[in-house]
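Shown next: target.cif, given as mmCIF, C-alpha atoms.
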data_input
loop_
_atom_site.label_atom_id
_atom_site.label_comp_id
_atom_site.auth_asym_id
_atom_site.auth_seq_id
_atom_site.Cartn_x
_atom_site.Cartn_y
_atom_site.Cartn_z
CA MET Z 11 124.06 53.98 144.87
CA ARG Z 12 127.34 52.84 146.42
CA ALA Z 13 126.48 49.13 146.20
CA ASP Z 14 126.03 49.37 142.43
CA ARG Z 15 129.28 51.31 142.15
CA LEU Z 16 131.20 48.63 144.07
CA VAL Z 17 129.78 45.97 141.77
CA SER Z 18 130.82 48.03 138.76
CA LEU Z 19 134.34 48.37 140.18
CA VAL Z 20 134.72 44.61 140.51
CA LEU Z 21 133.36 44.00 137.01
CA MET Z 22 135.65 46.60 135.46
CA LEU Z 23 138.70 45.10 137.12
CA ARG Z 24 137.66 41.57 136.12
CA ARG Z 25 137.12 42.56 132.52
CA ARG Z 26 139.97 44.98 131.92
CA GLY Z 27 142.61 43.97 134.43
CA ARG Z 28 144.75 46.57 136.18
CA LEU Z 29 143.29 50.10 136.14
CA SER Z 30 144.50 53.31 137.74
CA ALA Z 31 142.43 55.15 140.32
CA ALA Z 32 142.14 58.09 137.90
CA THR Z 33 140.76 55.84 135.15
CA LEU Z 34 138.23 54.24 137.50
CA ALA Z 35 137.15 57.65 138.79
CA ARG Z 36 136.62 58.91 135.24
CA GLU Z 37 134.63 55.83 134.19
CA LEU Z 38 132.41 55.92 137.28
CA GLU Z 39 132.07 59.74 137.31
CA VAL Z 40 133.30 60.06 140.90
CA SER Z 41 136.39 61.51 142.56
CA THR Z 42 139.68 59.64 142.98
CA ARG Z 43 139.20 59.87 146.75
CA THR Z 44 135.86 58.03 146.39
CA VAL Z 45 137.55 55.26 144.39
CA LEU Z 46 140.18 54.82 147.12
CA ARG Z 47 137.47 54.56 149.79
CA ASP Z 48 135.58 52.03 147.67
CA MET Z 49 138.72 49.93 147.28
CA GLU Z 50 139.13 49.85 151.05
CA ALA Z 51 135.51 48.73 151.39
CA LEU Z 52 135.98 45.94 148.83
CA SER Z 53 139.11 44.71 150.60
CA ALA Z 54 137.32 44.74 153.97
CA ALA Z 55 134.49 42.70 152.41
CA GLY Z 56 136.93 39.99 151.34
CA VAL Z 57 137.31 40.89 147.67
CA PRO Z 58 140.97 40.17 146.76
CA VAL Z 59 141.82 43.58 145.32
CA HIS Z 60 145.35 44.91 145.63
CA ALA Z 61 147.28 48.01 144.59
CA GLU Z 62 150.29 47.85 142.29
CA ARG Z 63 152.59 50.86 142.54
CA GLY Z 64 154.79 52.43 139.91
CA ARG Z 65 154.40 54.20 136.60
CA HIS Z 66 152.06 51.54 135.23
CA GLY Z 67 150.48 50.70 138.55
CA GLY Z 68 146.87 50.65 139.59
CA PHE Z 69 144.31 48.36 141.19
CA ALA Z 70 143.81 44.72 140.18
CA LEU Z 71 142.10 41.54 141.35
CA LEU Z 72 143.97 38.35 142.15
CA PRO Z 73 144.09 36.07 139.05
CA GLY Z 74 141.14 33.69 138.74
CA PHE Z 75 138.88 35.61 141.11
CA ARG Z 76 135.20 35.27 140.24
CA THR Z 77 132.05 35.92 142.21
CA GLU Z 78 128.34 35.79 141.59
CA LEU Z 79 127.04 39.32 141.35
CA THR Z 80 123.56 40.73 141.70
CA GLY Z 81 121.27 40.85 138.68
CA LEU Z 82 120.14 43.89 136.74
CA ASN Z 83 118.37 46.59 138.72
CA HIS Z 84 115.39 48.59 137.46
CA ASP Z 85 117.34 51.44 135.83
CA GLU Z 86 119.82 49.01 134.24
CA SER Z 87 116.95 47.08 132.68
CA LEU Z 88 115.52 50.31 131.29
CA ALA Z 89 118.95 51.26 129.99
CA LEU Z 90 119.19 48.02 128.02
CA LEU Z 91 115.81 48.75 126.44
CA VAL Z 92 117.20 51.97 125.01
CA ALA Z 93 120.69 50.55 124.37
CA GLY Z 94 120.00 50.61 120.63
CA SER Z 95 120.75 54.31 120.99
CA ARG Z 96 123.49 55.34 123.43
CA ARG Z 97 122.16 58.87 123.12
CA GLY Z 98 118.74 57.73 124.27
CA ALA Z 99 120.23 56.49 127.51
CA GLN Z 100 121.99 59.81 128.05
CA ALA Z 101 118.88 61.88 127.27
CA PHE Z 102 116.78 59.94 129.79
CA GLY Z 103 119.43 60.05 132.53
CA LEU Z 104 120.32 56.36 132.16
CA GLY Z 105 123.88 56.68 130.85
CA SER Z 106 125.62 55.39 133.98
CA ALA Z 107 123.02 52.64 134.38
CA LEU Z 108 123.67 51.51 130.82
CA ALA Z 109 127.41 51.27 131.43
CA SER Z 110 126.84 49.26 134.62
CA ALA Z 111 124.31 46.96 132.92
CA MET Z 112 126.61 46.22 130.00
CA LEU Z 113 129.41 45.26 132.40
CA LYS Z 114 127.06 42.77 134.05
CA VAL Z 115 125.95 41.38 130.70
CA VAL Z 116 129.54 40.80 129.60
CA ASP Z 117 130.42 39.19 132.92
CA ALA Z 118 127.44 36.82 132.64
CA LEU Z 119 128.56 35.44 129.27
CA PRO Z 120 130.26 32.03 129.14
CA GLU Z 121 134.02 32.49 129.39
CA GLY Z 122 134.59 31.22 125.85
CA HIS Z 123 132.18 33.82 124.42
CA ARG Z 124 133.25 36.78 126.53
CA ASP Z 125 136.35 37.78 124.56
CA THR Z 126 134.58 37.18 121.25
CA ALA Z 127 131.67 39.45 122.20
CA THR Z 128 134.00 42.19 123.41
CA GLY Z 129 136.10 41.96 120.26
CA VAL Z 130 133.01 42.35 118.10
CA ALA Z 131 131.83 45.34 120.15
CA GLU Z 132 135.18 47.04 119.61
CA ARG Z 133 134.51 47.01 115.86
CA LEU Z 134 131.15 48.80 116.08
CA LEU Z 135 130.71 52.53 116.64
CA ILE Z 136 127.16 53.81 117.02
CA ASP Z 137 126.26 57.52 116.92
CA PRO Z 138 129.69 59.15 117.28
CA GLU Z 139 129.83 62.73 118.55
CA SER Z 140 130.61 64.15 115.10
CA ASP Z 141 130.08 63.22 111.46
CA LEU Z 142 132.61 63.09 108.60
CA LEU Z 143 132.48 66.88 108.29
CA SER Z 144 133.35 67.28 112.00
CA ARG Z 145 129.90 68.66 112.76
CA ARG Z 146 129.38 67.92 116.44
CA VAL Z 147 126.10 66.81 117.95
CA VAL Z 148 125.74 68.68 121.23
CA ALA Z 149 123.65 66.98 123.88
CA GLU Z 150 121.35 69.17 125.98
CA GLU Z 151 121.97 69.25 129.69
CA VAL Z 152 119.16 67.78 131.79
CA SER Z 153 119.28 67.54 135.57
CA ASP Z 154 119.46 63.94 136.83
CA ALA Z 155 116.99 64.81 139.59
CA VAL Z 156 114.52 66.22 137.06
CA VAL Z 157 114.70 63.36 134.58
CA SER Z 158 114.47 60.75 137.38
CA GLU Z 159 111.30 62.36 138.73
CA VAL Z 160 109.80 62.61 135.24
CA ARG Z 161 110.62 58.95 134.52
CA ARG Z 162 108.98 57.82 137.75
CA ALA Z 163 105.77 59.70 136.96
CA VAL Z 164 105.67 58.34 133.39
CA PHE Z 165 106.16 54.72 134.46
CA ALA Z 166 103.90 54.91 137.52
CA GLY Z 167 101.09 56.65 135.63
CA HIS Z 168 100.94 59.57 138.07
CA LYS Z 169 100.34 63.26 137.47
CA LEU Z 170 103.45 65.41 137.31
CA ARG Z 171 104.21 69.00 138.35
CA ILE Z 172 106.93 70.65 136.30
CA HIS Z 173 108.57 74.06 136.54
CA TYR Z 174 108.86 74.71 132.81
CA ALA Z 175 110.51 77.59 130.95
CA ALA Z 176 108.99 77.97 127.48
CA THR Z 177 110.92 79.92 124.83
CA ASP Z 178 111.39 83.57 125.82
CA ARG Z 179 109.14 83.14 128.87
CA PRO Z 180 109.84 82.84 132.60
CA ALA Z 181 109.49 79.38 134.12
CA GLN Z 182 106.03 78.53 135.46
CA TRP Z 183 104.61 75.60 137.40
CA ARG Z 184 102.08 73.44 135.60
CA THR Z 185 100.49 70.06 136.30
CA VAL Z 186 100.41 67.57 133.42
CA ASP Z 187 99.40 63.99 132.68
CA PRO Z 188 102.59 62.31 131.36
CA ILE Z 189 102.25 59.91 128.44
CA GLY Z 190 105.78 58.99 127.39
CA LEU Z 191 109.37 60.05 126.71
CA VAL Z 192 111.00 60.55 123.31
CA THR Z 193 114.61 61.27 122.36
CA VAL Z 194 115.51 62.85 119.00
CA ARG Z 195 119.07 63.88 118.07
CA GLU Z 196 120.28 64.22 121.66
CA ARG Z 197 117.11 66.04 122.75
CA GLY Z 198 114.69 64.50 125.21
CA TYR Z 199 110.97 65.31 125.17
CA LEU Z 200 108.07 64.61 127.50
CA LEU Z 201 104.76 63.88 125.76
CA ALA Z 202 101.85 64.76 128.01
CA THR Z 203 98.38 66.24 128.14
CA ARG Z 204 97.29 69.29 130.08
CA ALA Z 205 93.61 69.90 130.70
CA GLY Z 206 92.96 67.29 128.00
CA ALA Z 207 95.10 69.03 125.32
CA ASP Z 208 98.25 67.51 123.84
CA ARG Z 209 101.48 69.08 125.06
CA THR Z 210 105.15 68.40 124.29
CA TYR Z 211 107.86 69.60 126.69
CA ARG Z 212 111.61 69.66 126.07
CA LEU Z 213 113.33 68.07 129.07
CA SER Z 214 116.19 70.59 129.04
CA ARG Z 215 113.66 73.34 129.79
CA VAL Z 216 112.22 71.60 132.86
CA ARG Z 217 113.78 73.36 135.85
CA ALA Z 218 112.20 71.13 138.50
CA ALA Z 219 109.74 68.23 138.62
CA GLU Z 220 107.57 66.56 141.24
CA GLU Z 221 105.68 63.29 140.88
CA LEU Z 222 102.21 63.49 142.45
CA ASP Z 223 100.21 60.68 144.05
CA GLU Z 224 97.16 61.36 141.87
CA PRO Z 225 96.70 58.98 138.90
CA ALA Z 226 97.27 60.52 135.49
CA GLN Z 227 94.36 60.80 133.07
CA ARG Z 228 95.70 58.87 130.10
CA PRO Z 229 94.89 55.78 128.00
CA ASP Z 230 96.12 52.40 129.22
CA ARG Z 231 97.95 51.77 125.95
CA ILE Z 232 99.78 54.21 123.68
CA ASP Z 233 101.35 54.03 120.24
CA LEU Z 234 104.17 56.43 121.09
CA ASP Z 235 105.57 56.46 117.57
CA ARG Z 236 102.21 57.48 116.11
CA ALA Z 237 101.69 60.10 118.83
CA TRP Z 238 105.09 61.62 118.07
CA GLN Z 239 104.42 61.68 114.32
CA ASP Z 240 101.07 63.40 114.86
CA ARG Z 241 102.56 66.06 117.09
CA SER Z 242 105.49 66.59 114.72
CA SER Z 243 103.07 67.10 111.85
CA ARG Z 244 101.06 69.69 113.78
CA PHE Z 245 104.26 71.47 114.81
CA ARG Z 246 105.55 71.69 111.24
CA THR Z 247 102.34 73.18 109.87
CA GLY Z 248 101.40 75.55 112.70
CA GLY Z 249 102.45 78.99 113.95
CA ASP Z 250 104.59 81.20 111.69
CA ARG Z 251 105.61 78.37 109.33
CA VAL Z 252 106.48 79.42 105.78
CA THR Z 253 105.61 77.25 102.76
CA VAL Z 254 107.96 77.58 99.77
CA VAL Z 255 107.72 76.15 96.24
CA LEU Z 256 111.17 75.81 94.71
CA ARG Z 257 113.24 74.17 92.00
CA LEU Z 258 116.33 72.31 93.12
CA HIS Z 259 119.33 70.55 91.63
CA PRO Z 260 119.02 66.85 92.61
CA ALA Z 261 122.56 66.78 94.01
CA ARG Z 262 121.52 69.25 96.74
CA ARG Z 263 118.37 67.45 97.83
CA GLU Z 264 119.91 66.12 101.06
CA ASN Z 265 121.18 69.61 101.94
CA LEU Z 266 117.65 70.93 101.66
CA LEU Z 267 116.22 68.10 103.74
CA ASP Z 268 118.72 68.91 106.49
CA THR Z 269 117.21 72.39 106.89
CA ALA Z 270 113.54 72.21 105.88
CA LEU Z 271 110.93 71.26 108.46
CA ALA Z 272 108.94 69.11 106.04
CA VAL Z 273 108.63 68.18 102.37
CA LEU Z 274 104.97 68.38 101.35
CA THR Z 275 105.28 67.55 97.64
CA GLU Z 276 108.09 66.49 95.31
CA GLU Z 277 108.24 65.81 91.57
CA ALA Z 278 110.80 65.96 88.74
CA ASP Z 279 110.68 68.66 86.05
CA PRO Z 280 111.48 67.74 82.41
CA ASP Z 281 114.99 69.24 82.73
CA GLY Z 282 115.82 66.92 85.65
CA ARG Z 283 115.48 69.51 88.38
CA LEU Z 284 113.25 68.74 91.35
CA ARG Z 285 110.17 70.82 92.11
CA LEU Z 286 109.36 70.71 95.80
CA THR Z 287 106.94 72.26 98.25
CA VAL Z 288 108.60 72.56 101.65
CA THR Z 289 107.98 74.31 104.95
CA PHE Z 290 110.39 76.33 107.08
CA GLN Z 291 110.24 77.56 110.66
CA ASP Z 292 109.66 81.19 109.65
CA ALA Z 293 110.61 83.80 107.03
CA ARG Z 294 114.16 84.19 108.31
CA HIS Z 295 114.71 80.44 108.28
CA ALA Z 296 113.43 80.16 104.69
CA GLU Z 297 115.68 82.94 103.43
CA TRP Z 298 118.74 81.52 105.19
CA ALA Z 299 118.14 77.99 103.88
CA LEU Z 300 117.67 79.05 100.25
CA TRP Z 301 120.70 81.34 100.40
CA GLN Z 302 122.89 78.39 101.44
CA LEU Z 303 121.93 76.56 98.25
CA ALA Z 304 123.04 79.46 96.01
CA THR Z 305 122.23 78.85 92.32
CA HIS Z 306 121.38 75.21 92.94
CA ALA Z 307 117.94 76.30 94.15
CA GLU Z 308 115.36 78.81 92.94
CA ALA Z 309 112.43 79.91 95.08
CA LEU Z 310 109.28 80.19 92.92
CA THR Z 311 106.88 81.31 95.62
CA PRO Z 312 106.29 83.26 97.78
CA HIS Z 313 107.28 86.35 95.82
CA TRP Z 314 108.56 88.23 98.87
CA LEU Z 315 111.17 85.50 99.32
CA ARG Z 316 112.37 85.84 95.71
CA ALA Z 317 112.66 89.61 96.19
CA SER Z 318 114.53 89.24 99.46
CA LEU Z 319 117.05 86.78 97.98
CA ARG Z 320 117.58 89.07 94.96
CA GLU Z 321 118.26 92.07 97.19
CA ARG Z 322 120.78 90.06 99.18
CA ALA Z 323 122.53 88.89 95.98
CA VAL Z 324 122.70 92.45 94.61
CA ALA Z 325 124.19 93.71 97.86
CA LEU Z 326 126.82 90.96 97.84
CA ALA Z 327 127.71 91.63 94.19
CA GLY Z 328 128.12 95.34 94.98
CA HIS Z 329 130.41 94.48 97.86
CA TYR Z 330 132.79 92.69 95.48
CA GLU Z 331 132.65 95.13 92.53
CA ALA Z 332 135.73 97.17 93.47
CA THR Z 333 139.21 95.65 93.25
CA PRO Z 334 140.62 95.53 96.79
CA ASP Z 335 143.86 97.29 97.69
CA PRO Z 336 146.32 94.50 98.68
CA GLY Z 337 147.78 96.78 101.33
CA ALA Z 338 144.46 97.81 102.82
CA VAL Z 339 143.25 96.39 106.11
CA THR Z 340 139.66 95.17 105.83
CA THR Z 341 137.28 94.82 108.71
CA GLY Z 342 134.01 93.02 109.12
CA PRO Z 343 130.65 94.72 108.90
#
Let me see the structure of the file written as C-alpha cells.
Amino acid sequence: MRADRLVSLVLMLRRRGRLSAATLARELEVSTRTVLRDMEALSAAGVPVHAERGRHGGFALLPGFRTELTGLNHDESLALLVAGSRRGAQAFGLGSALASAMLKVVDALPEGHRDTATGVAERLLIDPESDLLSRRVVAEEVSDAVVSEVRRAVFAGHKLRIHYAATDRPAQWRTVDPIGLVTVRERGYLLATRAGADRTYRLSRVRAAEELDEPAQRPDRIDLDRAWQDRSSRFRTGGDRVTVVLRLHPARRENLLDTALAVLTEEADPDGRLRLTVTFQDARHAEWALWQLATHAEALTPHWLRASLRERAVALAGHYEATPDPGAVTTGP
C-alpha cells in the first residue's frame, strides 16, 4: 500500500539521513520514478523533505524533524512474530512487512537507545545466504498473491482452493482445510487436511489459491511443531525409502546427517567406528550418499548397495589404470 510506503520513506530518511532515489527504490522494491512521485506527495503533505544535488546528493529531511507515525499493521505484526528467522518472513511473503515493521520499532525507541540498538544489530548476522564453504541457500519463488491468499485462509479458518502441481504431475484444483504454515530451509509448506486425511503442500508448487467462505474442518487448537514432526516421520519412512546399515568414521558423521533422511539407530563399535541405521530417499540417493563418503563409510546392508558401490569403484579404478599421454586431449564421458 502507498501509505505504508510513504511511512517507510520517512522512517528510512530519519534513521539513515540522506539517501539517493536509487537506494530508496532498491530498499522499497519499487521503481525510481515511483520514489520521485512519493517524494512529491510527502512534500505536498507538509513533510520537510528536500533534494540535494551532486555526486553525493539524494533526499533528506530537515534536521530535527520528527512526527508521530501510525502503529504496526496486521502484516507487520505477523512479520515480527517470525522475525526470529528472516527466511521465515520471506517464505510467507512478509519480507517487505518485516522491513517496514523494524523501521517503526527503531523509530519508537527512546532517542538515547536508538543508536545503541542499531549498533548492536549491525554486529549480528542471522542466516546468511551462504555458509563458510560458499554453499548458497536458494529460496523458492512463491507468488505474493498466492501466499497472501493462503495466509488469509489459514488465519481466518476458512477452506482453501489451490491449483497445485505435484511432482511430475500437471496442476489440479483441490479444496483443503488449512491448518498452518511451516518454513524449513527457505521452503514454505502448507499443512492441511483433505477429506479428513493429512496433506502437506509445498508453497512453491501452488500456482493459484482462493480463500472460500466456508469454515474449515479443523481443531480449534493445534500443536504445529508436533504435527510437523509426525508428518516428517511418515514421509521419511514411506514410499520408496531405502534403509541402510553402515559403519562410519566418526569424523564424517555430520556429512552423513546432511544427506540421510533419518537416523534410526546409532551405536559405537569396539574399534571406535559408528554403526548406524539410516534411511535415504531411494536407491539412487543411497548410492550417491555412500559414494561421497568414500572409504570413511561401509554399507553392510542391503547387499545390492554393496554390490553397486563395488562395481562403481572397479569402473573408476579401471579408468585410471593407464598412464595418460600428457599431450592427449581428454574429453568427458
Could you state which residues are captured by the PyMOL selection byres ((chain Z and resi 220-231) around 6) in this file, as a compact mmCIF listing (two decimals) with C-alpha atoms, keeping the file's coordinate frame?
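To be explicit, this is the file written out as out_30.txt:
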# COMPACT_ATOMS: atom_id res chain seq x y z
CA ALA Z 163 105.77 59.70 136.96
CA GLY Z 167 101.09 56.65 135.63
CA HIS Z 168 100.94 59.57 138.07
CA LYS Z 169 100.34 63.26 137.47
CA LEU Z 170 103.45 65.41 137.31
CA ARG Z 171 104.21 69.00 138.35
CA ASP Z 187 99.40 63.99 132.68
CA ALA Z 219 109.74 68.23 138.62
CA ILE Z 232 99.78 54.21 123.68
### Task
Please write as an MDAnalysis selection string the full residue list that the PyMOL selection byres ((chain Z and resi 31-46) around 8) yields on this file.
chainID Z and resid 15 19 29:30 47:50 68:69 106
### Query
Which polymer residues have any atom within 9 Å of an atom of Z:Leu319, counting only C-alpha atoms, with same-chain residues fewer than 5 positions away left out, as a list in words?
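With the cut-off at 9 Å, the set is Glu297, Leu300, Trp301, Ala309, Trp314 and Val324 of chain Z.
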### Evaluate the PyMOL selection byres ((chain Z and resi 268-284) around 10) and report residues as a PyMOL selection string
chain Z and resi 242-243+245-247+251-267+285-291+295-296+298-300+302+306-307
Please enclose the listed atoms of stretch 43-50 of chain Z in an axis-aligned box, pad each side by 5 Å, and write out the centre and the three edge lengths in Å, rounded to one decimal, as AutoDock Vina command-line options.
--center_x 137.9 --center_y 54.9 --center_z 147.7 --size_x 14.6 --size_y 20.0 --size_z 16.7
### Query
To one decimal place, how far is atom CA of Z:Ala155 from atom CA of Z:Ala205 in Å?
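Separation between atom CA of Z:Ala155 and atom CA of Z:Ala205: 25.5 Å.
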### Task
Figure out the distance between atom CA of Z:Leu23 and atom CA of Z:His60, please, to one decimal in Å.
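About the pair atom CA of Z:His60 and atom CA of Z:Leu23: they are 10.8 Å apart.
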### Task
Rank Z:Ala293, Z:Val152, Z:Leu303, Z:Val17 by their smallest atom-to-atom distance to Z:Val216, using only C-alpha atoms, and report the top residue only.
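Among Z:Ala293, Z:Val152, Z:Leu303, Z:Val17, it is Z:Val152 that comes nearest to Z:Val216.
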### Query
Z:Pro73, Z:Gly67, Z:Val20, Z:Thr210: which is nearest Z:Ala51, counting only C-alpha atoms?
Z:Val20
### Query
Distance atom CA of Z:Ala166-atom CA of Z:Pro188, one decimal place?
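About the pair atom CA of Z:Ala166 and atom CA of Z:Pro188: they are 9.7 Å apart.
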Can you give me all heavy atoms for stretch 179-190 of chain Z, written as a PDB file, in the coordinates of the input?
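Ended up saving to selection-v5.pdb:
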ATOM      1  N   ARG Z 179     110.108  82.921 127.794  1.00  0.00           N
ATOM      2  CA  ARG Z 179     109.140  83.140 128.870  1.00  0.00           C
ATOM      3  C   ARG Z 179     109.729  82.667 130.189  1.00  0.00           C
ATOM      4  O   ARG Z 179     110.545  81.740 130.216  1.00  0.00           O
ATOM      5  CB  ARG Z 179     107.832  82.361 128.599  1.00  0.00           C
ATOM      6  CG  ARG Z 179     107.082  82.821 127.362  1.00  0.00           C
ATOM      7  CD  ARG Z 179     105.815  82.001 127.186  1.00  0.00           C
ATOM      8  NE  ARG Z 179     105.122  82.347 125.953  1.00  0.00           N
ATOM      9  CZ  ARG Z 179     104.015  81.735 125.532  1.00  0.00           C
ATOM     10  NH1 ARG Z 179     103.478  80.763 126.253  1.00  0.00           N
ATOM     11  NH2 ARG Z 179     103.457  82.113 124.398  1.00  0.00           N
ATOM     12  N   PRO Z 180     109.344  83.303 131.296  1.00  0.00           N
ATOM     13  CA  PRO Z 180     109.840  82.840 132.600  1.00  0.00           C
ATOM     14  C   PRO Z 180     109.244  81.475 132.943  1.00  0.00           C
ATOM     15  O   PRO Z 180     108.160  81.114 132.470  1.00  0.00           O
ATOM     16  CB  PRO Z 180     109.353  83.927 133.558  1.00  0.00           C
ATOM     17  CG  PRO Z 180     108.161  84.537 132.877  1.00  0.00           C
ATOM     18  CD  PRO Z 180     108.465  84.494 131.414  1.00  0.00           C
ATOM     19  N   ALA Z 181     109.960  80.710 133.733  1.00  0.00           N
ATOM     20  CA  ALA Z 181     109.490  79.380 134.120  1.00  0.00           C
ATOM     21  C   ALA Z 181     108.221  79.487 134.960  1.00  0.00           C
ATOM     22  O   ALA Z 181     108.074  80.378 135.796  1.00  0.00           O
ATOM     23  CB  ALA Z 181     110.585  78.642 134.896  1.00  0.00           C
ATOM     24  N   GLN Z 182     107.279  78.577 134.713  1.00  0.00           N
ATOM     25  CA  GLN Z 182     106.030  78.530 135.460  1.00  0.00           C
ATOM     26  C   GLN Z 182     105.720  77.087 135.846  1.00  0.00           C
ATOM     27  O   GLN Z 182     106.095  76.148 135.140  1.00  0.00           O
ATOM     28  CB  GLN Z 182     104.868  79.083 134.620  1.00  0.00           C
ATOM     29  CG  GLN Z 182     104.973  80.559 134.295  1.00  0.00           C
ATOM     30  CD  GLN Z 182     103.770  81.042 133.498  1.00  0.00           C
ATOM     31  OE1 GLN Z 182     103.052  80.257 132.886  1.00  0.00           O
ATOM     32  NE2 GLN Z 182     103.543  82.346 133.512  1.00  0.00           N
ATOM     33  N   TRP Z 183     105.038  76.933 136.969  1.00  0.00           N
ATOM     34  CA  TRP Z 183     104.610  75.600 137.400  1.00  0.00           C
ATOM     35  C   TRP Z 183     103.345  75.206 136.657  1.00  0.00           C
ATOM     36  O   TRP Z 183     102.461  76.033 136.451  1.00  0.00           O
ATOM     37  CB  TRP Z 183     104.345  75.576 138.901  1.00  0.00           C
ATOM     38  CG  TRP Z 183     105.599  75.533 139.723  1.00  0.00           C
ATOM     39  CD1 TRP Z 183     106.204  76.572 140.351  1.00  0.00           C
ATOM     40  CD2 TRP Z 183     106.399  74.380 139.983  1.00  0.00           C
ATOM     41  NE1 TRP Z 183     107.336  76.154 140.990  1.00  0.00           N
ATOM     42  CE2 TRP Z 183     107.481  74.807 140.796  1.00  0.00           C
ATOM     43  CE3 TRP Z 183     106.315  73.033 139.621  1.00  0.00           C
ATOM     44  CZ2 TRP Z 183     108.470  73.930 141.246  1.00  0.00           C
ATOM     45  CZ3 TRP Z 183     107.294  72.156 140.061  1.00  0.00           C
ATOM     46  CH2 TRP Z 183     108.354  72.604 140.862  1.00  0.00           C
ATOM     47  N   ARG Z 184     103.283  73.963 136.238  1.00  0.00           N
ATOM     48  CA  ARG Z 184     102.080  73.440 135.600  1.00  0.00           C
ATOM     49  C   ARG Z 184     101.963  71.956 135.924  1.00  0.00           C
ATOM     50  O   ARG Z 184     102.973  71.271 136.112  1.00  0.00           O
ATOM     51  CB  ARG Z 184     102.117  73.687 134.100  1.00  0.00           C
ATOM     52  CG  ARG Z 184     103.305  73.078 133.392  1.00  0.00           C
ATOM     53  CD  ARG Z 184     103.542  73.718 132.050  1.00  0.00           C
ATOM     54  NE  ARG Z 184     104.075  75.074 132.180  1.00  0.00           N
ATOM     55  CZ  ARG Z 184     104.208  75.925 131.167  1.00  0.00           C
ATOM     56  NH1 ARG Z 184     103.822  75.582 129.957  1.00  0.00           N
ATOM     57  NH2 ARG Z 184     104.715  77.123 131.355  1.00  0.00           N
ATOM     58  N   THR Z 185     100.745  71.464 136.004  1.00  0.00           N
ATOM     59  CA  THR Z 185     100.490  70.060 136.300  1.00  0.00           C
ATOM     60  C   THR Z 185     100.037  69.364 135.017  1.00  0.00           C
ATOM     61  O   THR Z 185      99.115  69.835 134.346  1.00  0.00           O
ATOM     62  CB  THR Z 185      99.416  69.901 137.387  1.00  0.00           C
ATOM     63  OG1 THR Z 185      99.863  70.547 138.588  1.00  0.00           O
ATOM     64  CG2 THR Z 185      99.162  68.428 137.673  1.00  0.00           C
ATOM     65  N   VAL Z 186     100.683  68.253 134.684  1.00  0.00           N
ATOM     66  CA  VAL Z 186     100.410  67.570 133.420  1.00  0.00           C
ATOM     67  C   VAL Z 186     100.166  66.082 133.675  1.00  0.00           C
ATOM     68  O   VAL Z 186     100.502  65.543 134.734  1.00  0.00           O
ATOM     69  CB  VAL Z 186     101.585  67.738 132.429  1.00  0.00           C
ATOM     70  CG1 VAL Z 186     101.845  69.212 132.173  1.00  0.00           C
ATOM     71  CG2 VAL Z 186     102.847  67.050 132.941  1.00  0.00           C
ATOM     72  N   ASP Z 187      99.576  65.441 132.676  1.00  0.00           N
ATOM     73  CA  ASP Z 187      99.400  63.990 132.680  1.00  0.00           C
ATOM     74  C   ASP Z 187     100.432  63.396 131.726  1.00  0.00           C
ATOM     75  O   ASP Z 187     100.282  63.499 130.503  1.00  0.00           O
ATOM     76  CB  ASP Z 187      97.984  63.623 132.227  1.00  0.00           C
ATOM     77  CG  ASP Z 187      96.924  64.121 133.186  1.00  0.00           C
ATOM     78  OD1 ASP Z 187      96.923  63.657 134.335  1.00  0.00           O
ATOM     79  OD2 ASP Z 187      96.118  64.986 132.793  1.00  0.00           O
ATOM     80  N   PRO Z 188     101.512  62.806 132.233  1.00  0.00           N
ATOM     81  CA  PRO Z 188     102.590  62.310 131.360  1.00  0.00           C
ATOM     82  C   PRO Z 188     102.176  61.074 130.580  1.00  0.00           C
ATOM     83  O   PRO Z 188     101.503  60.186 131.107  1.00  0.00           O
ATOM     84  CB  PRO Z 188     103.721  61.999 132.345  1.00  0.00           C
ATOM     85  CG  PRO Z 188     103.025  61.679 133.623  1.00  0.00           C
ATOM     86  CD  PRO Z 188     101.803  62.557 133.661  1.00  0.00           C
ATOM     87  N   ILE Z 189     102.576  61.040 129.317  1.00  0.00           N
ATOM     88  CA  ILE Z 189     102.250  59.910 128.440  1.00  0.00           C
ATOM     89  C   ILE Z 189     103.485  59.082 128.103  1.00  0.00           C
ATOM     90  O   ILE Z 189     103.456  57.857 128.158  1.00  0.00           O
ATOM     91  CB  ILE Z 189     101.595  60.424 127.147  1.00  0.00           C
ATOM     92  CG1 ILE Z 189     100.213  61.013 127.458  1.00  0.00           C
ATOM     93  CG2 ILE Z 189     101.468  59.299 126.118  1.00  0.00           C
ATOM     94  CD1 ILE Z 189      99.538  61.640 126.258  1.00  0.00           C
ATOM     95  N   GLY Z 190     104.587  59.733 127.760  1.00  0.00           N
ATOM     96  CA  GLY Z 190     105.780  58.990 127.390  1.00  0.00           C
ATOM     97  C   GLY Z 190     106.956  59.910 127.168  1.00  0.00           C
ATOM     98  O   GLY Z 190     106.837  61.143 127.195  1.00  0.00           O
TER      99      GLY Z 190
END
